[in-house]
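Asks: Enclosed is the structure file input_15.csv (CSV, C-alpha atoms and all ligand atoms).
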```csv
chain,number,residue,atom,x,y,z
D,1,MET,CA,0.0,0.0,0.0
D,2,ARG,CA,1.4,3.4,-1.0
D,3,VAL,CA,0.1,6.6,0.5
D,4,LEU,CA,0.7,10.3,-0.2
D,5,GLY,CA,0.7,12.3,3.1
D,6,ILE,CA,0.1,16.0,3.6
D,7,GLU,CA,0.7,18.0,6.8
D,8,SER,CA,-0.4,21.6,7.1
D,9,SER,CA,-1.8,22.1,10.6
D,10,CYS,CA,0.5,24.9,11.7
D,11,ASP,CA,3.7,26.5,10.3
D,12,GLU,CA,5.2,23.6,8.3
D,13,THR,CA,4.1,22.3,4.9
D,14,GLY,CA,5.0,18.6,4.8
D,15,VAL,CA,4.6,16.1,2.1
D,16,ALA,CA,5.7,12.5,2.0
D,17,ILE,CA,5.1,9.1,0.3
D,18,PHE,CA,5.1,6.0,2.5
D,19,ASP,CA,4.9,2.5,1.1
D,20,THR,CA,4.1,-0.3,3.5
D,21,GLU,CA,6.5,-2.7,1.7
D,22,GLN,CA,9.4,-0.3,0.9
D,23,GLY,CA,9.1,2.3,3.6
D,24,LEU,CA,9.5,6.1,3.1
D,25,LEU,CA,9.9,6.7,-0.7
D,26,GLY,CA,10.2,10.5,-0.6
D,27,GLN,CA,9.5,13.5,1.5
D,28,ALA,CA,9.8,17.3,1.6
D,29,LEU,CA,9.3,19.9,4.3
D,30,TYR,CA,8.9,23.6,4.0
D,31,SER,CA,9.1,25.6,7.2
D,32,GLN,CA,7.5,29.0,7.5
D,33,ILE,CA,9.5,29.8,10.6
D,34,ASP,CA,11.4,32.7,9.1
D,35,MET,CA,8.2,34.3,7.9
D,36,HIS,CA,6.5,34.2,11.3
D,37,ALA,CA,9.7,35.0,13.3
D,38,ALA,CA,9.2,38.7,12.6
D,39,TYR,CA,5.9,38.6,14.5
D,40,GLY,CA,7.1,36.5,17.4
D,41,GLY,CA,4.8,33.7,16.7
D,42,VAL,CA,2.6,32.0,14.1
D,43,VAL,CA,0.2,34.4,12.3
D,44,PRO,CA,-2.7,32.1,11.2
D,45,GLU,CA,-3.7,33.9,8.0
D,46,LEU,CA,-0.1,34.1,6.7
D,47,ALA,CA,0.3,30.4,7.5
D,48,SER,CA,-2.7,29.5,5.4
D,49,ARG,CA,-1.6,31.6,2.4
D,50,ASP,CA,1.9,30.2,2.5
D,51,HIS,CA,0.6,26.6,2.6
D,52,VAL,CA,-1.4,27.5,-0.6
D,53,ARG,CA,1.8,28.7,-2.2
D,54,ARG,CA,3.9,25.7,-1.2
D,55,LEU,CA,1.8,22.7,-1.1
D,56,LEU,CA,1.3,21.7,-4.8
D,57,PRO,CA,4.9,22.3,-5.8
D,58,LEU,CA,6.0,20.1,-2.9
D,59,VAL,CA,3.6,17.4,-3.9
D,60,ARG,CA,5.0,17.5,-7.5
D,61,GLN,CA,8.5,17.4,-6.1
D,62,VAL,CA,8.0,14.4,-3.8
D,63,MET,CA,6.0,12.5,-6.5
D,64,SER,CA,8.9,13.0,-8.9
D,65,GLU,CA,11.7,12.2,-6.4
D,66,ALA,CA,9.9,9.1,-5.3
D,67,GLY,CA,9.3,8.1,-8.9
D,68,THR,CA,5.7,7.6,-8.1
D,69,THR,CA,2.7,8.2,-10.5
D,70,PRO,CA,-0.8,8.8,-9.2
D,71,GLU,CA,-1.7,5.3,-10.6
D,72,GLN,CA,0.8,3.8,-8.2
D,73,LEU,CA,-0.8,5.4,-5.1
D,74,ASP,CA,-3.5,3.7,-3.0
D,75,GLY,CA,-4.7,6.8,-1.2
D,76,VAL,CA,-4.1,10.4,0.0
D,77,ALA,CA,-3.8,11.2,3.7
D,78,PHE,CA,-4.1,14.7,5.1
D,79,THR,CA,-4.0,16.2,8.6
D,80,ALA,CA,-7.6,17.0,9.4
D,81,GLY,CA,-6.9,18.4,12.9
D,82,PRO,CA,-6.2,19.6,15.5
D,83,GLY,CA,-4.6,22.8,14.3
D,84,LEU,CA,-5.2,26.2,12.8
D,85,ALA,CA,-8.5,26.0,10.8
D,86,GLY,CA,-7.3,27.9,7.7
D,87,ALA,CA,-4.0,26.0,7.6
D,88,LEU,CA,-5.8,22.7,7.9
D,89,LEU,CA,-8.3,23.6,5.2
D,90,VAL,CA,-5.5,24.0,2.7
D,91,GLY,CA,-4.1,20.5,3.3
D,92,ALA,CA,-7.6,19.0,3.4
D,93,GLY,CA,-8.7,20.8,0.3
D,94,VAL,CA,-5.7,19.9,-1.7
D,95,GLY,CA,-5.5,16.3,-0.4
D,96,ARG,CA,-9.2,15.6,-0.8
D,97,SER,CA,-9.2,17.1,-4.3
D,98,LEU,CA,-6.2,15.2,-5.5
D,99,ALA,CA,-7.7,12.0,-4.2
D,100,TYR,CA,-11.0,12.7,-6.0
D,101,GLY,CA,-9.2,13.6,-9.3
D,102,TRP,CA,-7.0,10.5,-9.1
D,103,GLY,CA,-9.9,8.3,-8.2
D,104,LEU,CA,-8.4,7.3,-4.9
D,105,PRO,CA,-9.6,7.2,-1.3
D,106,ALA,CA,-8.7,10.1,1.0
D,107,VAL,CA,-7.9,9.5,4.7
D,108,PRO,CA,-8.2,12.2,7.4
D,109,VAL,CA,-5.4,11.9,10.0
D,110,HIS,CA,-5.3,13.1,13.5
D,111,HIS,CA,-2.1,15.2,13.9
D,112,MET,CA,-1.2,13.8,17.3
D,113,GLU,CA,-1.7,10.3,16.1
D,114,GLY,CA,0.9,11.2,13.4
D,115,HIS,CA,3.3,12.2,16.2
D,116,LEU,CA,2.4,9.1,18.2
D,117,LEU,CA,3.2,6.7,15.4
D,118,ALA,CA,6.3,8.6,14.1
D,119,PRO,CA,8.7,6.3,16.1
D,120,MET,CA,7.4,3.4,14.0
D,121,LEU,CA,9.1,4.9,11.0
D,122,GLU,CA,12.4,3.9,12.6
D,123,GLU,CA,14.0,0.5,12.2
D,124,ASP,CA,13.1,-1.6,15.2
D,125,GLY,CA,10.2,0.7,16.2
D,126,PRO,CA,7.7,0.0,19.0
D,127,ASP,CA,4.8,-2.4,18.8
D,128,PHE,CA,1.4,-1.9,20.6
D,129,PRO,CA,0.7,-1.7,23.4
D,130,PHE,CA,2.8,1.1,24.9
D,131,VAL,CA,2.6,4.2,27.1
D,132,ALA,CA,3.1,7.5,25.2
D,133,LEU,CA,4.3,10.9,26.2
D,134,LEU,CA,3.3,13.4,23.5
D,135,VAL,CA,5.0,16.7,24.0
D,136,SER,CA,4.6,19.4,21.3
D,137,GLY,CA,3.9,23.1,21.0
D,138,GLY,CA,0.2,22.5,21.4
D,139,HIS,CA,-0.2,19.4,23.5
D,140,SER,CA,1.3,17.6,26.5
D,141,LEU,CA,-0.3,14.3,27.2
D,142,LEU,CA,0.3,10.9,28.6
D,143,LEU,CA,-1.8,8.0,27.2
D,144,GLU,CA,-1.9,4.3,27.0
D,145,ALA,CA,-1.9,3.1,23.4
D,146,ARG,CA,-3.4,-0.4,23.2
D,147,ALA,CA,-3.8,-0.6,19.5
D,148,LEU,CA,-4.3,1.7,16.5
D,149,GLY,CA,-7.0,4.1,17.5
D,150,ASP,CA,-7.4,2.6,21.0
D,151,TYR,CA,-5.9,5.3,23.2
D,152,ALA,CA,-6.8,5.7,26.9
D,153,PRO,CA,-5.8,9.1,28.3
D,154,LEU,CA,-3.7,9.0,31.5
D,155,GLY,CA,-2.9,12.7,32.0
D,156,GLU,CA,-2.4,16.0,30.3
D,157,SER,CA,-1.2,19.5,30.9
D,158,VAL,CA,-3.8,21.6,32.7
D,159,ASP,CA,-2.4,24.8,31.2
D,160,ASP,CA,0.5,25.4,28.8
D,161,ALA,CA,1.9,22.6,26.7
D,162,ALA,CA,5.6,21.7,27.4
D,163,GLY,CA,6.8,23.1,24.0
D,164,GLU,CA,4.7,26.2,24.5
D,165,ALA,CA,6.4,26.8,27.9
D,166,PHE,CA,9.8,26.5,26.2
D,167,ASP,CA,8.7,28.9,23.6
D,168,LYS,CA,7.3,31.5,26.0
D,169,VAL,CA,10.4,31.4,28.3
D,170,ALA,CA,12.6,31.8,25.2
D,171,LYS,CA,10.5,34.8,24.1
D,172,MET,CA,10.9,36.3,27.6
D,173,MET,CA,14.6,36.1,27.2
D,174,GLY,CA,14.5,37.6,23.7
D,175,LEU,CA,15.5,34.4,21.9
D,176,GLY,CA,12.8,34.8,19.1
D,177,TYR,CA,10.5,32.2,17.7
D,178,PRO,CA,10.4,29.2,18.0
D,179,GLY,CA,12.5,29.4,21.1
D,180,GLY,CA,12.5,25.7,22.3
D,181,PRO,CA,15.6,24.6,20.5
D,182,ARG,CA,17.4,27.9,21.1
D,183,LEU,CA,16.7,27.7,24.9
D,184,ALA,CA,18.0,24.1,24.9
D,185,LYS,CA,21.2,25.4,23.2
D,186,LEU,CA,21.7,28.1,25.8
D,187,ALA,CA,21.2,25.6,28.6
D,188,GLU,CA,24.2,23.6,27.4
D,189,SER,CA,26.4,26.4,28.8
D,190,GLY,CA,24.5,26.8,32.0
D,191,THR,CA,25.9,26.4,35.5
D,192,ALA,CA,24.3,23.5,37.2
D,193,GLY,CA,22.9,24.2,40.7
D,194,ARG,CA,22.9,28.0,40.5
D,195,PHE,CA,19.1,28.2,40.4
D,196,ARG,CA,16.5,25.6,41.4
D,197,PHE,CA,13.1,25.9,39.8
D,198,PRO,CA,10.0,24.0,41.0
D,199,ARG,CA,8.8,20.7,39.5
D,200,PRO,CA,5.1,21.6,39.2
D,201,MET,CA,2.4,19.1,40.3
D,202,THR,CA,4.9,16.4,41.2
D,203,ASP,CA,4.3,16.5,45.0
D,204,ARG,CA,0.8,15.1,44.7
D,205,PRO,CA,-0.4,11.9,43.0
D,206,GLY,CA,-1.7,11.9,39.4
D,207,LEU,CA,-0.5,12.2,35.9
D,208,ASP,CA,-1.7,15.7,35.0
D,209,MET,CA,1.0,18.3,34.4
D,210,SER,CA,1.3,22.1,34.6
D,211,PHE,CA,3.9,24.3,33.0
D,212,SER,CA,2.4,27.8,33.4
D,213,GLY,CA,3.7,28.3,37.0
D,214,LEU,CA,7.2,27.4,35.9
D,215,LYS,CA,7.0,30.1,33.3
D,216,THR,CA,6.0,32.6,36.0
D,217,PHE,CA,8.8,31.4,38.3
D,218,THR,CA,11.2,32.0,35.4
D,219,LEU,CA,9.9,35.5,34.9
D,220,ASN,CA,10.2,36.3,38.6
D,221,THR,CA,13.8,35.1,38.6
D,222,ILE,CA,14.6,37.3,35.6
D,223,ASN,CA,13.0,40.3,37.4
D,224,ASP,CA,14.9,39.6,40.6
D,225,LEU,CA,18.1,40.0,38.6
D,226,GLY,CA,16.9,43.4,37.3
D,227,GLY,CA,15.0,42.4,34.2
D,228,VAL,CA,15.9,40.8,31.0
D,229,ALA,CA,18.1,43.8,29.8
D,230,ALA,CA,20.3,43.4,32.9
D,231,LEU,CA,21.0,39.7,32.4
D,232,SER,CA,24.6,38.7,31.5
D,233,ASP,CA,25.2,36.0,29.0
D,234,GLN,CA,25.9,33.6,31.8
D,235,ASP,CA,22.7,34.5,33.6
D,236,ARG,CA,20.7,33.6,30.5
D,237,CYS,CA,22.4,30.3,30.2
D,238,ASP,CA,21.9,29.5,33.9
D,239,ILE,CA,18.2,30.4,33.7
D,240,ALA,CA,17.7,28.4,30.6
D,241,LEU,CA,19.3,25.4,32.3
D,242,ALA,CA,17.2,25.8,35.5
D,243,PHE,CA,14.0,26.0,33.4
D,244,GLN,CA,14.9,23.0,31.2
D,245,GLU,CA,15.9,20.9,34.1
D,246,ALA,CA,12.6,21.6,35.9
D,247,ALA,CA,10.5,20.9,32.8
D,248,VAL,CA,12.5,17.8,32.0
D,249,ASP,CA,12.4,16.4,35.5
D,250,THR,CA,8.7,17.0,35.7
D,251,LEU,CA,8.1,15.0,32.5
D,252,VAL,CA,10.5,12.2,33.8
D,253,ILE,CA,8.6,12.0,37.1
D,254,LYS,CA,5.3,11.8,35.3
D,255,CYS,CA,6.6,9.1,32.9
D,256,ARG,CA,8.0,7.0,35.8
D,257,ARG,CA,4.6,7.2,37.5
D,258,ALA,CA,2.7,6.3,34.3
D,259,MET,CA,4.9,3.2,33.9
D,260,GLU,CA,4.3,2.1,37.5
D,261,GLN,CA,0.6,2.7,37.2
D,262,THR,CA,0.2,0.7,34.0
D,263,GLY,CA,3.0,-1.8,34.4
D,264,ALA,CA,3.9,-1.2,30.7
D,265,LYS,CA,7.4,-1.9,29.5
D,266,ARG,CA,7.5,0.3,26.4
D,267,LEU,CA,7.4,4.1,26.4
D,268,VAL,CA,7.0,6.2,23.3
D,269,VAL,CA,8.0,9.8,23.5
D,270,ALA,CA,7.1,12.0,20.5
D,271,GLY,CA,6.3,15.6,19.4
D,272,GLY,CA,8.7,18.5,19.0
D,273,VAL,CA,10.0,18.5,22.6
D,274,SER,CA,11.1,14.8,22.1
D,275,ALA,CA,14.0,16.3,20.2
D,276,ASN,CA,15.3,17.7,23.5
D,277,VAL,CA,18.7,16.0,24.4
D,278,MET,CA,18.4,16.4,28.1
D,279,LEU,CA,14.9,14.9,28.1
D,280,ARG,CA,16.2,11.9,26.2
D,281,GLU,CA,19.2,11.4,28.5
D,282,ARG,CA,17.3,11.7,31.7
D,283,LEU,CA,14.4,9.6,30.5
D,284,ASP,CA,16.7,6.9,29.2
D,285,ALA,CA,18.5,6.7,32.5
D,286,ALA,CA,15.3,6.7,34.6
D,287,MET,CA,13.6,4.1,32.4
D,288,ALA,CA,16.6,1.8,32.2
D,289,LYS,CA,16.4,1.4,36.0
D,290,LYS,CA,12.8,0.1,35.5
D,291,GLY,CA,13.6,-2.2,32.6
D,292,VAL,CA,11.5,0.0,30.3
D,293,ARG,CA,12.5,0.6,26.7
D,294,VAL,CA,12.1,4.1,25.4
D,295,PHE,CA,11.3,4.8,21.7
D,296,TYR,CA,11.7,8.2,20.0
D,297,PRO,CA,11.2,9.4,16.5
D,298,GLY,CA,14.3,10.1,14.4
D,299,LEU,CA,15.3,13.8,15.0
D,300,ALA,CA,13.8,14.8,11.7
D,301,TYR,CA,10.4,13.4,12.7
D,302,CYS,CA,10.0,14.9,16.2
D,303,THR,CA,8.6,18.2,14.9
D,304,ASP,CA,5.8,18.4,12.3
D,305,ASN,CA,6.4,16.5,9.0
D,306,GLY,CA,4.6,14.8,6.2
D,307,ALA,CA,6.1,11.3,6.8
D,308,MET,CA,4.2,10.7,10.0
D,309,ILE,CA,0.9,11.7,8.3
D,310,ALA,CA,1.6,9.4,5.3
D,311,TYR,CA,2.5,6.6,7.7
D,312,ALA,CA,-0.6,7.0,10.0
D,313,GLY,CA,-2.7,7.4,6.8
D,314,ALA,CA,-1.4,4.1,5.4
D,315,LEU,CA,-2.4,2.3,8.7
D,316,ARG,CA,-5.8,3.9,8.8
D,317,LEU,CA,-6.4,3.2,5.1
D,318,ALA,CA,-5.4,-0.5,5.6
D,319,GLY,CA,-8.0,-0.5,8.4
D,320,GLY,CA,-10.7,0.6,6.0
D,321,GLU,CA,-10.9,4.3,7.0
D,322,ARG,CA,-12.1,6.7,4.3
D,323,SER,CA,-13.0,10.4,4.3
D,324,GLY,CA,-16.4,11.5,2.8
D,325,LEU,CA,-16.5,13.8,-0.2
D,326,PRO,CA,-16.9,17.1,1.7
D,327,ILE,CA,-13.7,18.9,2.6
D,328,ALA,CA,-13.9,18.9,6.4
D,329,VAL,CA,-11.4,19.7,9.2
D,330,ARG,CA,-11.5,19.6,13.0
D,331,PRO,CA,-9.4,22.4,14.5
D,332,ARG,CA,-10.2,20.9,18.0
D,333,TRP,CA,-10.2,17.2,18.0
D,334,PRO,CA,-9.4,15.0,21.0
D,335,LEU,CA,-7.2,12.0,20.3
C,1,LIG,O1,5.3,18.9,17.3
C,1,LIG,P1,5.7,20.3,16.9
C,1,LIG,O2,6.5,20.5,15.7
C,1,LIG,O3,4.4,21.2,16.7
C,1,LIG,C1,3.2,21.0,17.3
C,1,LIG,O4,2.5,20.0,16.9
C,1,LIG,O5,3.0,21.8,18.2
C,1,LIG,O6,6.4,20.9,18.2
C,1,LIG,C2,7.0,22.2,18.2
C,1,LIG,C3,7.4,22.5,19.6
C,1,LIG,C4,7.8,23.9,19.8
C,1,LIG,O7,7.2,24.4,21.0
C,1,LIG,C5,9.3,23.9,19.9
C,1,LIG,O8,9.9,24.9,20.7
C,1,LIG,C6,9.5,22.5,20.6
C,1,LIG,O9,8.6,21.7,20.0
C,1,LIG,N1,10.9,22.0,20.5
C,1,LIG,C7,11.7,21.8,21.5
C,1,LIG,C8,12.9,21.3,20.9
C,1,LIG,N2,12.8,21.2,19.6
C,1,LIG,C9,11.5,21.6,19.3
C,1,LIG,N3,11.6,22.1,22.8
C,1,LIG,C10,12.6,21.8,23.6
C,1,LIG,N4,13.8,21.3,23.1
C,1,LIG,C11,14.0,21.1,21.8
C,1,LIG,N5,15.2,20.6,21.4
C,2,ZN,ZN,2.9,18.7,15.8
```
Before anything else, please render the file you have as structure tokens.
Replies:
Amino acid sequence: MRVLGIESSCDETGVAIFDTEQGLLGQALYSQIDMHAAYGGVVPELASRDHVRRLLPLVRQVMSEAGTTPEQLDGVAFTAGPGLAGALLVGAGVGRSLAYGWGLPAVPVHHMEGHLLAPMLEEDGPDFPFVALLVSGGHSLLLEARALGDYAPLGESVDDAAGEAFDKVAKMMGLGYPGGPRLAKLAESGTAGRFRFPRPMTDRPGLDMSFSGLKTFTLNTINDLGGVAALSDQDRCDIALAFQEAAVDTLVIKCRRAMEQTGAKRLVVAGGVSANVMLRERLDAAMAKKGVRVFYPGLAYCTDNGAMIAYAGALRLAGGERSGLPIAVRPRWPL
């Protein structure tokens, strides 16, 4: 089965072709980050317009690089939600229409299911069942994945998503958008132990998380030092490290609890924040002690991409899933 996948839920236009026998045949990603950086965050209307400009040329490019003709495809998958309504409509409109024109089935894909399954694109990827930590710019959730489409929620952030907190703290320190990876880079030069930030919601039972208080704690620390303009380069690195350690430790504690609660032996960590090196190191160490194996996407598949949508679409298509004729998206869509 060979599927064309389209991702356009936020600020990346992603296209890929996945073949269930041969694996990933081709993919391309266009990031709008430079365009949005000037505004300090994603501007939805600009995002939609840029997807319109980029999507069809990317589809053409990937089809040609993969040496695939429409006749060789079995379906077209597109991200149907959650995400920005206008941005989603571009991918859904193009994906649904191509499928119609080519006489193929179209498959709507849940963006977070794409993230969840991304580690399966790797060699020796995870099998169901497993526990998953999904940490992106829009979501932070823990769930038990029993089979494709059978996901039991375990916990979620009650306020900001983990990636959102990284981005907001980075913005506070003038690091621009998206700040997560830049903040992580600064943290590499931080002095361990200079500041200790709280690990929110870890002193009481449960698997819900909170990152908003950590953000406020960071702001107060900056203000105690005289405001962002008064920070030395070392202050910035030290604050970045203290924030990252607190966010990472919080996620590690919640994962440890989730594994104890479920007794599962496989943990999948996916979404943009799963690219974070400290998170990977600390989780690997904590889980090794419990005999739990941790699976991550390849670094290129942590953040948004078309490959995870093509892959999830292929599984859904194989299971008989089809989209109706109307072009429909779900900007809010629980997993
Ligand atoms: O999954 P993703 O591409 O988009 C959403 O579905 O939201 O995740 C993007 C998020 C951003 O918040 C970004 O700052 C964060 O992932 N991120 C990171 C790192 N790389 C990306 N956060 C911390 N450390 C990183 N290395
Ligand atoms: Zn995403």
Asks: Do a neighbour search on Ser97 of chain D at 10 Å with all atoms listed in the file, toss out local chain neighbours closer than 6 positions, and write the hits as a count of residues only.
Replies: 8
Asks: Could the residues of chain D that have an atom at most 7 Å from ligand LIG 1 (chain C) be listed as a tab-separated table, each with its closest atom pair and the distance in Å to one decimal, counting all atoms listed in the file and ordered by chain and ascending residue number?
Replies:
```
residue	atom	partner	partner_atom	distance
D:Ser136	CA	C:LIG1	O6	3.9
D:Gly137	CA	C:LIG1	O5	3.2
D:Gly138	CA	C:LIG1	O5	4.3
D:His139	CA	C:LIG1	O5	6.6
D:Gly163	CA	C:LIG1	O7	3.3
D:Glu164	CA	C:LIG1	O7	4.7
D:Phe166	CA	C:LIG1	O8	5.7
D:Asp167	CA	C:LIG1	O8	5.1
D:Pro178	CA	C:LIG1	O8	5.1
D:Gly179	CA	C:LIG1	O8	5.2
D:Gly180	CA	C:LIG1	O8	3.2
D:Pro181	CA	C:LIG1	C11	4.1
D:Ala184	CA	C:LIG1	N4	5.4
D:Gly271	CA	C:LIG1	O1	4.0
D:Gly272	CA	C:LIG1	O9	3.4
D:Val273	CA	C:LIG1	C7	3.9
D:Ser274	CA	C:LIG1	C8	6.9
D:Ala275	CA	C:LIG1	N5	4.6
D:Asn276	CA	C:LIG1	N5	3.6
D:Val277	CA	C:LIG1	N5	6.5
D:Cys302	CA	C:LIG1	O1	6.3
D:Thr303	CA	C:LIG1	O2	3.2
D:Asp304	CA	C:LIG1	O2	4.1
```
Asks: Between D:Asp249, D:Phe128, D:Ile6, D:Glu45, which has the minimum distance to Ala285 of chain D (counting only C-alpha atoms)?
Replies: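 Using only C-alpha atoms, the shortest distance to Ala285 of chain D belongs to D:Asp249.
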Asks: Identify which of the residues D:Val15, D:Ile33, D:Ile253, D:Leu116 lies closest to ligand ZN 2 (chain C), counting only C-alpha atoms and all ligand atoms when measuring atom-to-atom distances.
Replies: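 The shortest atom-to-atom distance to ligand ZN 2 (chain C) comes from D:Leu116.
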Asks: For segment 47-85 of chain D versus segment 312-322 of chain D, which residues have an atom no more than 10 Å away, and what is each residue's nearest atom pair and distance in Å rounded to one decimal, using all atoms listed in the file, chain-then-number order, as CSV?
Replies:
```
residue,atom,partner,partner_atom,distance
D:Asp74,CA,D:Leu317,CA,8.6
D:Gly75,CA,D:Leu317,CA,7.5
D:Val76,CA,D:Gly313,CA,7.6
D:Ala77,CA,D:Gly313,CA,5.0
D:Phe78,CA,D:Gly313,CA,7.6
D:Thr79,CA,D:Gly313,CA,9.1
```
Asks: Counting all atoms listed in the file, find the residues whose atoms lie at most 12 Å from (13.5, 36.1, 38.3) (file coordinates) and write them out as an mmCIF file with C-alpha atoms, keeping the file's coordinate frame.
Replies:
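Ended up saving to result28.cif:
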```
data_model
loop_
_atom_site.group_PDB
_atom_site.id
_atom_site.type_symbol
_atom_site.label_atom_id
_atom_site.label_comp_id
_atom_site.auth_asym_id
_atom_site.auth_seq_id
_atom_site.Cartn_x
_atom_site.Cartn_y
_atom_site.Cartn_z
ATOM 1 C CA VAL D 169 10.400 31.400 28.300
ATOM 2 C CA MET D 172 10.900 36.300 27.600
ATOM 3 C CA MET D 173 14.600 36.100 27.200
ATOM 4 C CA PHE D 195 19.100 28.200 40.400
ATOM 5 C CA ARG D 196 16.500 25.600 41.400
ATOM 6 C CA PHE D 197 13.100 25.900 39.800
ATOM 7 C CA LEU D 214 7.200 27.400 35.900
ATOM 8 C CA LYS D 215 7.000 30.100 33.300
ATOM 9 C CA THR D 216 6.000 32.600 36.000
ATOM 10 C CA PHE D 217 8.800 31.400 38.300
ATOM 11 C CA THR D 218 11.200 32.000 35.400
ATOM 12 C CA LEU D 219 9.900 35.500 34.900
ATOM 13 C CA ASN D 220 10.200 36.300 38.600
ATOM 14 C CA THR D 221 13.800 35.100 38.600
ATOM 15 C CA ILE D 222 14.600 37.300 35.600
ATOM 16 C CA ASN D 223 13.000 40.300 37.400
ATOM 17 C CA ASP D 224 14.900 39.600 40.600
ATOM 18 C CA LEU D 225 18.100 40.000 38.600
ATOM 19 C CA GLY D 226 16.900 43.400 37.300
ATOM 20 C CA GLY D 227 15.000 42.400 34.200
ATOM 21 C CA VAL D 228 15.900 40.800 31.000
ATOM 22 C CA ALA D 230 20.300 43.400 32.900
ATOM 23 C CA LEU D 231 21.000 39.700 32.400
ATOM 24 C CA ASP D 235 22.700 34.500 33.600
ATOM 25 C CA ARG D 236 20.700 33.600 30.500
ATOM 26 C CA ASP D 238 21.900 29.500 33.900
ATOM 27 C CA ILE D 239 18.200 30.400 33.700
ATOM 28 C CA ALA D 240 17.700 28.400 30.600
ATOM 29 C CA ALA D 242 17.200 25.800 35.500
ATOM 30 C CA PHE D 243 14.000 26.000 33.400
#
```
